[in-house]
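Colleague: Next comes entry-v6.pdb, PDB, C-alpha atoms:
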```
MODEL        1
ATOM      1  CA  MET A   1     -31.929  36.904   4.976  1.00  0.00           C
ATOM      2  CA  THR A   2     -29.284  34.254   5.496  1.00  0.00           C
ATOM      3  CA  GLU A   3     -30.037  31.007   7.230  1.00  0.00           C
ATOM      4  CA  ALA A   4     -27.238  29.491   9.329  1.00  0.00           C
ATOM      5  CA  LYS A   5     -27.377  25.769   8.762  1.00  0.00           C
ATOM      6  CA  ARG A   6     -29.380  23.017   7.090  1.00  0.00           C
ATOM      7  CA  SER A   7     -28.939  19.262   7.360  1.00  0.00           C
ATOM      8  CA  LEU A   8     -29.986  16.233   5.332  1.00  0.00           C
ATOM      9  CA  LEU A   9     -29.981  12.574   6.313  1.00  0.00           C
ATOM     10  CA  PHE A  10     -29.926  10.144   3.392  1.00  0.00           C
ATOM     11  CA  SER A  11     -29.224   6.481   2.752  1.00  0.00           C
ATOM     12  CA  SER A  12     -28.110   4.852  -0.469  1.00  0.00           C
ATOM     13  CA  PRO A  13     -29.865   2.754  -1.558  1.00  0.00           C
ATOM     14  CA  PRO A  14     -32.547   3.939  -2.133  1.00  0.00           C
ATOM     15  CA  ASP A  15     -31.439   7.582  -2.207  1.00  0.00           C
ATOM     16  CA  ASP A  16     -28.992   8.854  -4.800  1.00  0.00           C
ATOM     17  CA  VAL A  17     -27.376  12.184  -5.646  1.00  0.00           C
ATOM     18  CA  ASP A  18     -30.778  13.621  -6.571  1.00  0.00           C
ATOM     19  CA  ALA A  19     -31.479  13.866  -2.818  1.00  0.00           C
ATOM     20  CA  VAL A  20     -28.455  16.159  -2.510  1.00  0.00           C
ATOM     21  CA  HIS A  21     -29.577  18.285  -5.477  1.00  0.00           C
ATOM     22  CA  GLU A  22     -33.040  18.709  -3.958  1.00  0.00           C
ATOM     23  CA  PHE A  23     -31.573  19.586  -0.568  1.00  0.00           C
ATOM     24  CA  LEU A  24     -29.282  22.209  -2.123  1.00  0.00           C
ATOM     25  CA  GLU A  25     -32.238  23.725  -3.955  1.00  0.00           C
ATOM     26  CA  GLN A  26     -33.739  24.471  -0.518  1.00  0.00           C
ATOM     27  CA  VAL A  27     -30.425  25.916   0.676  1.00  0.00           C
ATOM     28  CA  TRP A  28     -30.247  28.264  -2.329  1.00  0.00           C
ATOM     29  CA  GLN A  29     -33.851  29.372  -1.826  1.00  0.00           C
ATOM     30  CA  ALA A  30     -33.128  30.174   1.834  1.00  0.00           C
ATOM     31  CA  ASN A  31     -29.928  32.053   0.912  1.00  0.00           C
ATOM     32  CA  PRO A  32     -30.719  34.162  -2.159  1.00  0.00           C
ATOM     33  CA  GLY A  33     -27.629  36.334  -1.703  1.00  0.00           C
ATOM     34  CA  ILE A  34     -25.192  33.612  -2.799  1.00  0.00           C
ATOM     35  CA  GLY A  35     -23.789  34.309  -6.251  1.00  0.00           C
ATOM     36  CA  GLU A  36     -24.628  32.060  -9.181  1.00  0.00           C
ATOM     37  CA  PHE A  37     -21.043  30.969  -9.809  1.00  0.00           C
ATOM     38  CA  ASP A  38     -20.497  30.110  -6.138  1.00  0.00           C
ATOM     39  CA  ARG A  39     -23.702  28.041  -6.076  1.00  0.00           C
ATOM     40  CA  MET A  40     -22.729  26.216  -9.253  1.00  0.00           C
ATOM     41  CA  ALA A  41     -19.149  25.450  -8.185  1.00  0.00           C
ATOM     42  CA  PHE A  42     -20.173  24.371  -4.683  1.00  0.00           C
ATOM     43  CA  GLU A  43     -23.021  22.168  -5.902  1.00  0.00           C
ATOM     44  CA  THR A  44     -20.777  20.495  -8.493  1.00  0.00           C
ATOM     45  CA  ALA A  45     -18.110  19.793  -5.850  1.00  0.00           C
ATOM     46  CA  LEU A  46     -20.604  18.479  -3.308  1.00  0.00           C
ATOM     47  CA  ILE A  47     -22.287  16.207  -5.860  1.00  0.00           C
ATOM     48  CA  GLU A  48     -18.895  14.803  -6.885  1.00  0.00           C
ATOM     49  CA  LEU A  49     -18.158  14.071  -3.230  1.00  0.00           C
ATOM     50  CA  ALA A  50     -21.540  12.454  -2.547  1.00  0.00           C
ATOM     51  CA  ALA A  51     -21.340  10.417  -5.765  1.00  0.00           C
ATOM     52  CA  ASN A  52     -17.884   9.144  -4.783  1.00  0.00           C
ATOM     53  CA  VAL A  53     -19.096   8.107  -1.329  1.00  0.00           C
ATOM     54  CA  ILE A  54     -22.232   6.416  -2.712  1.00  0.00           C
ATOM     55  CA  GLN A  55     -20.352   4.627  -5.486  1.00  0.00           C
ATOM     56  CA  HIS A  56     -17.575   3.275  -3.278  1.00  0.00           C
ATOM     57  CA  ALA A  57     -20.029   2.097  -0.617  1.00  0.00           C
ATOM     58  CA  SER A  58     -22.268   0.285  -3.091  1.00  0.00           C
ATOM     59  CA  GLY A  59     -20.213  -2.901  -2.706  1.00  0.00           C
ATOM     60  CA  GLU A  60     -20.488  -2.731   1.086  1.00  0.00           C
ATOM     61  CA  GLY A  61     -24.266  -2.923   1.118  1.00  0.00           C
ATOM     62  CA  GLY A  62     -24.933   0.798   1.157  1.00  0.00           C
ATOM     63  CA  VAL A  63     -24.213   3.852   3.211  1.00  0.00           C
ATOM     64  CA  THR A  64     -25.977   6.384   5.426  1.00  0.00           C
ATOM     65  CA  CYS A  65     -24.857  10.002   5.255  1.00  0.00           C
ATOM     66  CA  VAL A  66     -25.504  13.185   7.194  1.00  0.00           C
ATOM     67  CA  LEU A  67     -24.884  16.316   5.166  1.00  0.00           C
ATOM     68  CA  SER A  68     -24.803  19.786   6.695  1.00  0.00           C
ATOM     69  CA  VAL A  69     -24.401  23.001   4.736  1.00  0.00           C
ATOM     70  CA  THR A  70     -23.587  26.356   6.296  1.00  0.00           C
ATOM     71  CA  SER A  71     -23.486  29.759   4.651  1.00  0.00           C
ATOM     72  CA  ASP A  72     -21.690  32.594   6.425  1.00  0.00           C
ATOM     73  CA  ALA A  73     -19.510  35.607   5.682  1.00  0.00           C
ATOM     74  CA  ASP A  74     -16.567  33.318   4.851  1.00  0.00           C
ATOM     75  CA  GLY A  75     -18.548  31.480   2.225  1.00  0.00           C
ATOM     76  CA  LEU A  76     -20.142  28.062   1.878  1.00  0.00           C
ATOM     77  CA  HIS A  77     -19.195  25.068   3.981  1.00  0.00           C
ATOM     78  CA  ALA A  78     -20.368  21.459   3.826  1.00  0.00           C
ATOM     79  CA  SER A  79     -19.756  18.547   6.126  1.00  0.00           C
ATOM     80  CA  LEU A  80     -20.599  15.051   4.911  1.00  0.00           C
ATOM     81  CA  SER A  81     -20.404  12.259   7.450  1.00  0.00           C
ATOM     82  CA  ASP A  82     -20.835   8.689   6.201  1.00  0.00           C
ATOM     83  CA  THR A  83     -20.981   5.189   7.689  1.00  0.00           C
ATOM     84  CA  ALA A  84     -18.819   3.467   5.043  1.00  0.00           C
ATOM     85  CA  ASP A  85     -15.645   1.595   5.941  1.00  0.00           C
ATOM     86  CA  ALA A  86     -12.511   3.731   6.101  1.00  0.00           C
ATOM     87  CA  GLY A  87     -10.397   4.004   2.974  1.00  0.00           C
ATOM     88  CA  GLY A  88     -13.099   3.502   0.338  1.00  0.00           C
ATOM     89  CA  VAL A  89     -12.475   6.949  -1.089  1.00  0.00           C
ATOM     90  CA  VAL A  90      -8.815   7.934  -0.900  1.00  0.00           C
ATOM     91  CA  LEU A  91      -8.068  11.627  -0.707  1.00  0.00           C
ATOM     92  CA  VAL A  92      -4.809  12.618  -2.328  1.00  0.00           C
ATOM     93  CA  ASP A  93      -3.958  15.468  -4.660  1.00  0.00           C
ATOM     94  CA  ARG A  94      -5.232  14.306  -8.005  1.00  0.00           C
ATOM     95  CA  ALA A  95      -4.046  15.466 -11.376  1.00  0.00           C
ATOM     96  CA  MET A  96      -6.789  15.753 -13.964  1.00  0.00           C
ATOM     97  CA  PRO A  97      -6.650  12.579 -16.092  1.00  0.00           C
ATOM     98  CA  ASP A  98      -6.140  12.861 -19.838  1.00  0.00           C
ATOM     99  CA  GLU A  99      -8.979  14.066 -22.017  1.00  0.00           C
ATOM    100  CA  LEU A 100     -10.078  10.645 -23.265  1.00  0.00           C
ATOM    101  CA  SER A 101     -10.206   9.044 -19.810  1.00  0.00           C
ATOM    102  CA  GLU A 102     -13.735   7.996 -18.782  1.00  0.00           C
ATOM    103  CA  SER A 103     -13.203   8.172 -15.007  1.00  0.00           C
ATOM    104  CA  GLY A 104     -10.940   9.463 -12.249  1.00  0.00           C
ATOM    105  CA  ARG A 105     -11.954  13.130 -12.370  1.00  0.00           C
ATOM    106  CA  GLY A 106     -14.130  13.427  -9.248  1.00  0.00           C
ATOM    107  CA  ILE A 107     -11.544  14.413  -6.641  1.00  0.00           C
ATOM    108  CA  ALA A 108      -9.578  16.551  -9.125  1.00  0.00           C
ATOM    109  CA  LEU A 109     -12.757  18.448  -9.977  1.00  0.00           C
ATOM    110  CA  ILE A 110     -13.578  19.066  -6.317  1.00  0.00           C
ATOM    111  CA  GLN A 111     -10.065  20.389  -5.745  1.00  0.00           C
ATOM    112  CA  ALA A 112     -10.423  22.703  -8.748  1.00  0.00           C
ATOM    113  CA  LEU A 113     -13.820  24.015  -7.618  1.00  0.00           C
ATOM    114  CA  VAL A 114     -13.509  24.704  -3.882  1.00  0.00           C
ATOM    115  CA  ASP A 115     -10.867  26.174  -1.593  1.00  0.00           C
ATOM    116  CA  GLU A 116     -10.708  23.358   0.902  1.00  0.00           C
ATOM    117  CA  LEU A 117     -11.358  19.615   0.903  1.00  0.00           C
ATOM    118  CA  ARG A 118     -10.535  17.699   4.069  1.00  0.00           C
ATOM    119  CA  TYR A 119     -11.039  14.167   5.336  1.00  0.00           C
ATOM    120  CA  GLU A 120     -11.055  12.845   8.906  1.00  0.00           C
ATOM    121  CA  ARG A 121     -12.002   9.511  10.441  1.00  0.00           C
ATOM    122  CA  VAL A 122     -14.102  10.300  13.521  1.00  0.00           C
ATOM    123  CA  ASP A 123     -15.975   7.733  15.672  1.00  0.00           C
ATOM    124  CA  GLU A 124     -16.209   5.130  12.883  1.00  0.00           C
ATOM    125  CA  ARG A 125     -17.443   7.743  10.456  1.00  0.00           C
ATOM    126  CA  ASN A 126     -15.762   9.282   7.435  1.00  0.00           C
ATOM    127  CA  VAL A 127     -16.117  13.047   7.739  1.00  0.00           C
ATOM    128  CA  TRP A 128     -15.586  15.137   4.610  1.00  0.00           C
ATOM    129  CA  THR A 129     -15.430  18.913   4.761  1.00  0.00           C
ATOM    130  CA  ILE A 130     -15.472  21.297   1.836  1.00  0.00           C
ATOM    131  CA  SER A 131     -15.368  25.098   1.903  1.00  0.00           C
ATOM    132  CA  LYS A 132     -15.647  27.718  -0.762  1.00  0.00           C
ATOM    133  CA  THR A 133     -14.982  31.398  -0.188  1.00  0.00           C
ATOM    134  CA  PRO A 134     -17.154  33.807  -2.163  1.00  0.00           C
ATOM    135  CA  GLN A 135     -15.860  34.502  -5.651  1.00  0.00           C
ATOM    136  CA  ALA A 136     -16.320  38.267  -5.304  1.00  0.00           C
ATOM    137  CA  VAL A 137     -17.432  40.556  -2.512  1.00  0.00           C
ATOM    138  CA  GLU A 138     -20.966  41.820  -3.029  1.00  0.00           C
ATOM    139  CA  PRO A 139     -21.201  45.623  -2.900  1.00  0.00           C
ATOM    140  CA  PRO A 140     -22.675  46.778   0.442  1.00  0.00           C
ATOM    141  CA  ASN A 141     -26.317  47.777   0.370  1.00  0.00           C
ATOM    142  CA  GLY A 142     -26.872  51.479   0.922  1.00  0.00           C
ATOM    143  CA  GLY A 143     -23.260  52.094   2.089  1.00  0.00           C
TER     144      GLY A 143
ATOM    145  CA  MET B   1     -33.842  10.061 -17.897  1.00  0.00           C
ATOM    146  CA  GLU B   2     -34.963   9.081 -21.381  1.00  0.00           C
ATOM    147  CA  PHE B   3     -33.126  10.302 -24.438  1.00  0.00           C
ATOM    148  CA  GLN B   4     -34.931  11.195 -27.637  1.00  0.00           C
ATOM    149  CA  THR B   5     -33.248  10.352 -30.918  1.00  0.00           C
ATOM    150  CA  GLU B   6     -33.831  11.958 -34.286  1.00  0.00           C
ATOM    151  CA  THR B   7     -32.058  10.715 -37.401  1.00  0.00           C
ATOM    152  CA  ILE B   8     -31.531  13.504 -39.901  1.00  0.00           C
ATOM    153  CA  GLY B   9     -29.849  11.538 -42.703  1.00  0.00           C
ATOM    154  CA  ASP B  10     -26.263  11.064 -43.849  1.00  0.00           C
ATOM    155  CA  GLY B  11     -25.547   8.923 -40.763  1.00  0.00           C
ATOM    156  CA  VAL B  12     -26.311  11.802 -38.413  1.00  0.00           C
ATOM    157  CA  VAL B  13     -28.419  11.276 -35.300  1.00  0.00           C
ATOM    158  CA  VAL B  14     -29.411  13.975 -32.823  1.00  0.00           C
ATOM    159  CA  ILE B  15     -29.830  12.887 -29.197  1.00  0.00           C
ATOM    160  CA  ARG B  16     -31.654  15.028 -26.672  1.00  0.00           C
ATOM    161  CA  GLY B  17     -32.238  14.620 -22.957  1.00  0.00           C
ATOM    162  CA  GLU B  18     -33.594  16.741 -20.154  1.00  0.00           C
ATOM    163  CA  GLY B  19     -32.373  16.796 -16.549  1.00  0.00           C
ATOM    164  CA  ARG B  20     -29.080  15.733 -15.018  1.00  0.00           C
ATOM    165  CA  LEU B  21     -26.371  13.725 -16.741  1.00  0.00           C
ATOM    166  CA  ASN B  22     -24.779  11.662 -13.967  1.00  0.00           C
ATOM    167  CA  MET B  23     -24.175   8.145 -12.637  1.00  0.00           C
ATOM    168  CA  VAL B  24     -27.914   7.429 -12.965  1.00  0.00           C
ATOM    169  CA  SER B  25     -28.519   8.667 -16.524  1.00  0.00           C
ATOM    170  CA  GLY B  26     -25.005   8.193 -17.982  1.00  0.00           C
ATOM    171  CA  PRO B  27     -25.460   4.453 -18.693  1.00  0.00           C
ATOM    172  CA  THR B  28     -28.721   5.205 -20.556  1.00  0.00           C
ATOM    173  CA  LEU B  29     -26.913   7.711 -22.768  1.00  0.00           C
ATOM    174  CA  ARG B  30     -24.195   5.135 -23.487  1.00  0.00           C
ATOM    175  CA  GLU B  31     -26.808   2.531 -24.483  1.00  0.00           C
ATOM    176  CA  THR B  32     -28.681   5.028 -26.648  1.00  0.00           C
ATOM    177  CA  VAL B  33     -25.562   6.136 -28.538  1.00  0.00           C
ATOM    178  CA  LEU B  34     -24.270   2.581 -28.947  1.00  0.00           C
ATOM    179  CA  ARG B  35     -27.599   1.483 -30.431  1.00  0.00           C
ATOM    180  CA  GLU B  36     -27.558   4.354 -32.958  1.00  0.00           C
ATOM    181  CA  VAL B  37     -23.913   3.814 -33.887  1.00  0.00           C
ATOM    182  CA  GLU B  38     -24.517   0.084 -34.418  1.00  0.00           C
ATOM    183  CA  ALA B  39     -27.582   0.946 -36.540  1.00  0.00           C
ATOM    184  CA  GLY B  40     -25.416   2.913 -38.975  1.00  0.00           C
ATOM    185  CA  ASN B  41     -25.603   6.409 -37.492  1.00  0.00           C
ATOM    186  CA  PRO B  42     -22.049   7.079 -36.281  1.00  0.00           C
ATOM    187  CA  ARG B  43     -22.239  10.874 -36.631  1.00  0.00           C
ATOM    188  CA  VAL B  44     -23.741  11.730 -33.268  1.00  0.00           C
ATOM    189  CA  VAL B  45     -24.922  15.137 -32.058  1.00  0.00           C
ATOM    190  CA  VAL B  46     -25.770  15.368 -28.372  1.00  0.00           C
ATOM    191  CA  GLU B  47     -27.965  18.388 -27.805  1.00  0.00           C
ATOM    192  CA  LEU B  48     -27.298  19.505 -24.215  1.00  0.00           C
ATOM    193  CA  SER B  49     -29.404  22.644 -23.832  1.00  0.00           C
ATOM    194  CA  ARG B  50     -31.809  20.944 -21.403  1.00  0.00           C
ATOM    195  CA  ILE B  51     -29.086  19.209 -19.400  1.00  0.00           C
ATOM    196  CA  ALA B  52     -28.977  21.514 -16.395  1.00  0.00           C
ATOM    197  CA  PHE B  53     -26.226  19.636 -14.592  1.00  0.00           C
ATOM    198  CA  MET B  54     -23.454  17.205 -15.464  1.00  0.00           C
ATOM    199  CA  ASP B  55     -21.001  15.504 -13.090  1.00  0.00           C
ATOM    200  CA  SER B  56     -17.836  13.540 -13.845  1.00  0.00           C
ATOM    201  CA  SER B  57     -19.825  10.304 -14.348  1.00  0.00           C
ATOM    202  CA  GLY B  58     -21.913  12.051 -16.994  1.00  0.00           C
ATOM    203  CA  LEU B  59     -18.772  13.430 -18.576  1.00  0.00           C
ATOM    204  CA  GLY B  60     -17.266   9.920 -18.624  1.00  0.00           C
ATOM    205  CA  ALA B  61     -20.390   8.685 -20.421  1.00  0.00           C
ATOM    206  CA  LEU B  62     -20.048  11.412 -23.084  1.00  0.00           C
ATOM    207  CA  ILE B  63     -16.391  10.463 -23.656  1.00  0.00           C
ATOM    208  CA  GLY B  64     -17.316   6.764 -23.903  1.00  0.00           C
ATOM    209  CA  CYS B  65     -19.932   7.694 -26.502  1.00  0.00           C
ATOM    210  CA  LEU B  66     -17.363   9.736 -28.442  1.00  0.00           C
ATOM    211  CA  LYS B  67     -15.073   6.686 -28.585  1.00  0.00           C
ATOM    212  CA  SER B  68     -17.942   4.425 -29.748  1.00  0.00           C
ATOM    213  CA  ALA B  69     -18.770   6.853 -32.566  1.00  0.00           C
ATOM    214  CA  ARG B  70     -15.147   7.174 -33.683  1.00  0.00           C
ATOM    215  CA  GLU B  71     -14.680   3.393 -33.696  1.00  0.00           C
ATOM    216  CA  LYS B  72     -17.391   3.252 -36.355  1.00  0.00           C
ATOM    217  CA  GLY B  73     -15.820   5.990 -38.435  1.00  0.00           C
ATOM    218  CA  GLY B  74     -18.010   8.758 -37.067  1.00  0.00           C
ATOM    219  CA  ASP B  75     -17.694  11.411 -34.382  1.00  0.00           C
ATOM    220  CA  LEU B  76     -19.637  12.906 -31.496  1.00  0.00           C
ATOM    221  CA  ARG B  77     -20.293  16.616 -31.203  1.00  0.00           C
ATOM    222  CA  ILE B  78     -22.045  18.520 -28.466  1.00  0.00           C
ATOM    223  CA  VAL B  79     -24.422  21.426 -28.857  1.00  0.00           C
ATOM    224  CA  ALA B  80     -25.509  24.239 -26.534  1.00  0.00           C
ATOM    225  CA  PRO B  81     -24.110  23.176 -23.136  1.00  0.00           C
ATOM    226  CA  SER B  82     -25.382  25.067 -20.086  1.00  0.00           C
ATOM    227  CA  THR B  83     -23.059  27.218 -17.985  1.00  0.00           C
ATOM    228  CA  GLN B  84     -22.514  24.409 -15.484  1.00  0.00           C
ATOM    229  CA  VAL B  85     -21.818  21.807 -18.169  1.00  0.00           C
ATOM    230  CA  SER B  86     -19.377  24.208 -19.868  1.00  0.00           C
ATOM    231  CA  MET B  87     -17.586  24.731 -16.556  1.00  0.00           C
ATOM    232  CA  VAL B  88     -17.086  20.973 -16.044  1.00  0.00           C
ATOM    233  CA  LEU B  89     -15.872  20.559 -19.652  1.00  0.00           C
ATOM    234  CA  ARG B  90     -13.389  23.410 -19.233  1.00  0.00           C
ATOM    235  CA  LEU B  91     -12.008  22.365 -15.822  1.00  0.00           C
ATOM    236  CA  SER B  92     -11.427  18.824 -17.033  1.00  0.00           C
ATOM    237  CA  ASN B  93      -9.823  20.035 -20.325  1.00  0.00           C
ATOM    238  CA  VAL B  94     -12.352  17.938 -22.225  1.00  0.00           C
ATOM    239  CA  ASP B  95     -13.473  21.064 -24.126  1.00  0.00           C
ATOM    240  CA  THR B  96     -10.372  20.461 -26.281  1.00  0.00           C
ATOM    241  CA  ILE B  97     -11.832  17.205 -27.649  1.00  0.00           C
ATOM    242  CA  LEU B  98     -15.516  18.147 -27.291  1.00  0.00           C
ATOM    243  CA  PRO B  99     -15.759  21.795 -28.340  1.00  0.00           C
ATOM    244  CA  PRO B 100     -19.332  23.056 -28.046  1.00  0.00           C
ATOM    245  CA  TYR B 101     -21.275  23.957 -31.171  1.00  0.00           C
ATOM    246  CA  GLU B 102     -24.022  26.576 -31.208  1.00  0.00           C
ATOM    247  CA  SER B 103     -26.588  24.507 -33.055  1.00  0.00           C
ATOM    248  CA  VAL B 104     -27.237  21.066 -34.483  1.00  0.00           C
ATOM    249  CA  GLU B 105     -26.803  22.535 -37.984  1.00  0.00           C
ATOM    250  CA  ALA B 106     -23.408  24.001 -37.069  1.00  0.00           C
ATOM    251  CA  ALA B 107     -22.228  20.718 -35.544  1.00  0.00           C
ATOM    252  CA  TYR B 108     -22.355  18.863 -38.871  1.00  0.00           C
ATOM    253  CA  ARG B 109     -22.000  21.686 -41.357  1.00  0.00           C
ATOM    254  CA  ASP B 110     -18.486  20.593 -42.387  1.00  0.00           C
TER     255      ASP B 110
ENDMDL
END
```
Written as structure tokens, that's how I'd like the structure from this file.
Modeller:
Amino acid sequence: MTEAKRSLLFSSPPDDVDAVHEFLEQVWQANPGIGEFDRMAFETALIELAANVIQHASGEGGVTCVLSVTSDADGLHASLSDTADAGGVVLVDRAMPDELSESGRGIALIQALVDELRYERVDERNVWTISKTPQAVEPPNGG
Amino acid sequence: MEFQTETIGDGVVVIRGEGRLNMVSGPTLRETVLREVEAGNPRVVVELSRIAFMDSSGLGALIGCLKSAREKGGDLRIVAPSTQVSMVLRLSNVDTILPPYESVEAAYRD
């Protein structure tokens, strides 16, 4: 059984990325048909996004986010809307930094893990969208 | 997250943690490794088998720890990363400087 949509409201502080992990655990339990690799890649991308938003807003006195995750035939989709000022996280195509660099990999990792990463400024909110198509088509049950 | 340390002689220390290596636990790992390196144990093994998840902040912490160990004439080697941790290492090309070892014994055999 596939569930259409789940949402999470969180504020940092006091919440951190663990709130997103726990929320995704519920999503995976409600959608057992999603493949392990797709879950892993999507969760890694979404955590990188949430961590970026939380980290950049920490100097602004915090941030409130609404996260929605949808699973459908086209794959997994997340929308993260946050109250931070515009421009805190800048979305451009990022090359992976060199091996000994200690930072700067978040956006590059997201772009390597999912098929789509978009940003819009809507009604004084930053709205981030990520989508991942399934890695492989599951064989149909019973033809 | 708390990290357990076990010194096994010859300047080698094994560090183990359980949970997620990220912006919350990364600084603790850095402090733990720095303390061991300063105490004369620059050959660091980070045993990752119970680290279920690592993000780029956690990866940055591991790389910082590697640099600290090398500055003191040692090295940092990782053991038994999970599938997710291996994926992050591979996508970021960091597996070239932090190749995974199968066991603590294998990490400092040479």
Colleague: Residues near Ala57 of chain A, anyone? I mean within 6 Å using all atoms listed in the file, not counting same-chain ones fewer than 5 positions away, as a compact mmCIF listing (two decimals) with C-alpha atoms, keeping the file's coordinate frame.
Modeller:
```txt
# COMPACT_ATOMS: atom_id res chain seq x y z
CA GLY A 62 -24.93 0.80 1.16
CA VAL A 63 -24.21 3.85 3.21
CA ALA A 84 -18.82 3.47 5.04
```
Colleague: Please report as JSON lines every residue of chain A lying within 8 Å of chain B, along with the nearest atom pair and their distance in Å (one decimal), using all atoms listed in the file.
Modeller:
```
{"residue": "A:Met40", "atom": "CA", "partner": "B:Gln84", "partner_atom": "CA", "distance": 6.5}
{"residue": "A:Thr44", "atom": "CA", "partner": "B:Asp55", "partner_atom": "CA", "distance": 6.8}
{"residue": "A:Ile47", "atom": "CA", "partner": "B:Asp55", "partner_atom": "CA", "distance": 7.4}
{"residue": "A:Glu48", "atom": "CA", "partner": "B:Asp55", "partner_atom": "CA", "distance": 6.6}
{"residue": "A:Ala51", "atom": "CA", "partner": "B:Met23", "partner_atom": "CA", "distance": 7.8}
{"residue": "A:Met96", "atom": "CA", "partner": "B:Ser92", "partner_atom": "CA", "distance": 6.4}
{"residue": "A:Pro97", "atom": "CA", "partner": "B:Ser92", "partner_atom": "CA", "distance": 7.9}
{"residue": "A:Glu99", "atom": "CA", "partner": "B:Val94", "partner_atom": "CA", "distance": 5.1}
{"residue": "A:Leu100", "atom": "CA", "partner": "B:Ile63", "partner_atom": "CA", "distance": 6.3}
{"residue": "A:Ser101", "atom": "CA", "partner": "B:Gly60", "partner_atom": "CA", "distance": 7.2}
{"residue": "A:Glu102", "atom": "CA", "partner": "B:Gly60", "partner_atom": "CA", "distance": 4.0}
{"residue": "A:Ser103", "atom": "CA", "partner": "B:Gly60", "partner_atom": "CA", "distance": 5.7}
{"residue": "A:Arg105", "atom": "CA", "partner": "B:Ser56", "partner_atom": "CA", "distance": 6.1}
{"residue": "A:Gly106", "atom": "CA", "partner": "B:Ser56", "partner_atom": "CA", "distance": 5.9}
{"residue": "A:Leu109", "atom": "CA", "partner": "B:Leu91", "partner_atom": "CA", "distance": 7.1}
{"residue": "A:Ala112", "atom": "CA", "partner": "B:Leu91", "partner_atom": "CA", "distance": 7.3}
```
Colleague: Please enumerate the residues selected by the PyMOL selection byres ((chain A and resi 21) around 10) when evaluated against the supplied file, formatted as an MDAnalysis selection string.
Modeller: (chainID A and resid 16:20 22:27 43:44 46:47) or (chainID B and resid 20 53)
Colleague: Pick out the residues sitting within 10 Å of segment 73-81 of chain A, and hand them over as a PyMOL selection string; count all atoms listed in the file, and ignore anything fewer than 5 positions along from it in its own chain.
Modeller: chain A and resi 2+5-9+34+38-39+42+46+49-50+53+64-68+114+116-122+124-135+137
Colleague: One decimal, Å: what's the distance from atom CA of Tyr101 of chain B over to atom CA of Ser49 of chain B, could you say?
Modeller: 11.0 Å
Colleague: Provide the atom CA of Ile110 of chain A to atom CA of Glu47 of chain B distance in Å, to one decimal place.
Modeller: 25.9 Å
Colleague: What's the 12 Å shell around Val33 of chain B, counting all atoms listed in the file, without same-chain residues fewer than 2 positions away, as number ranges by chain?
Modeller: B: 3-7, 12-16, 26-31, 35-46, 61-70, 72, 74-76
Colleague: Just give me the gap between atom CA of Gln55 of chain A and atom CA of Ala108 of chain A in Å, one decimal is fine.
Modeller: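 Separating atom CA of Gln55 of chain A from atom CA of Ala108 of chain A is a distance of 16.5 Å.
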Colleague: What's the 10 Å shell around Pro99 of chain B, counting all atoms listed in the file, without same-chain residues fewer than 4 positions away, as a list in words?
Modeller: Arg77, Ile78, Val79, Pro81, Ser86, Leu89, Arg90, Val94, Asp95 and Ala107 of chain B
Colleague: Could you pull segment 49-60 of chain A out of the block above and give me N, CA and C atoms, as a PDB file, in the first residue's frame?
Modeller:
```
ATOM      1  N   LEU A  49      20.042  18.851   2.261  1.00  0.00           N
ATOM      2  CA  LEU A  49      19.267  20.073   2.047  1.00  0.00           C
ATOM      3  C   LEU A  49      18.840  20.690   3.388  1.00  0.00           C
ATOM      4  N   ALA A  50      18.260  19.866   4.251  1.00  0.00           N
ATOM      5  CA  ALA A  50      17.792  20.371   5.547  1.00  0.00           C
ATOM      6  C   ALA A  50      18.957  20.907   6.374  1.00  0.00           C
ATOM      7  N   ALA A  51      20.095  20.209   6.336  1.00  0.00           N
ATOM      8  CA  ALA A  51      21.262  20.652   7.105  1.00  0.00           C
ATOM      9  C   ALA A  51      21.760  22.003   6.599  1.00  0.00           C
ATOM     10  N   ASN A  52      21.756  22.177   5.272  1.00  0.00           N
ATOM     11  CA  ASN A  52      22.158  23.456   4.684  1.00  0.00           C
ATOM     12  C   ASN A  52      21.251  24.585   5.152  1.00  0.00           C
ATOM     13  N   VAL A  53      19.943  24.340   5.103  1.00  0.00           N
ATOM     14  CA  VAL A  53      18.971  25.368   5.502  1.00  0.00           C
ATOM     15  C   VAL A  53      19.144  25.713   6.976  1.00  0.00           C
ATOM     16  N   ILE A  54      19.268  24.678   7.826  1.00  0.00           N
ATOM     17  CA  ILE A  54      19.412  24.898   9.269  1.00  0.00           C
ATOM     18  C   ILE A  54      20.713  25.650   9.567  1.00  0.00           C
ATOM     19  N   GLN A  55      21.793  25.229   8.930  1.00  0.00           N
ATOM     20  CA  GLN A  55      23.095  25.828   9.210  1.00  0.00           C
ATOM     21  C   GLN A  55      23.132  27.299   8.795  1.00  0.00           C
ATOM     22  N   HIS A  56      22.603  27.606   7.618  1.00  0.00           N
ATOM     23  CA  HIS A  56      22.677  28.981   7.137  1.00  0.00           C
ATOM     24  C   HIS A  56      21.734  29.909   7.890  1.00  0.00           C
ATOM     25  N   ALA A  57      20.662  29.340   8.485  1.00  0.00           N
ATOM     26  CA  ALA A  57      19.725  30.170   9.225  1.00  0.00           C
ATOM     27  C   ALA A  57      20.132  30.342  10.679  1.00  0.00           C
ATOM     28  N   SER A  58      21.179  29.627  11.115  1.00  0.00           N
ATOM     29  CA  SER A  58      21.508  29.657  12.538  1.00  0.00           C
ATOM     30  C   SER A  58      21.944  31.060  12.978  1.00  0.00           C
ATOM     31  N   GLY A  59      22.529  31.834  12.058  1.00  0.00           N
ATOM     32  CA  GLY A  59      22.919  33.193  12.392  1.00  0.00           C
ATOM     33  C   GLY A  59      21.766  34.188  12.358  1.00  0.00           C
ATOM     34  N   GLU A  60      20.631  33.765  11.847  1.00  0.00           N
ATOM     35  CA  GLU A  60      19.463  34.647  11.739  1.00  0.00           C
ATOM     36  C   GLU A  60      18.500  34.436  12.900  1.00  0.00           C
TER      37      GLU A  60
END
```
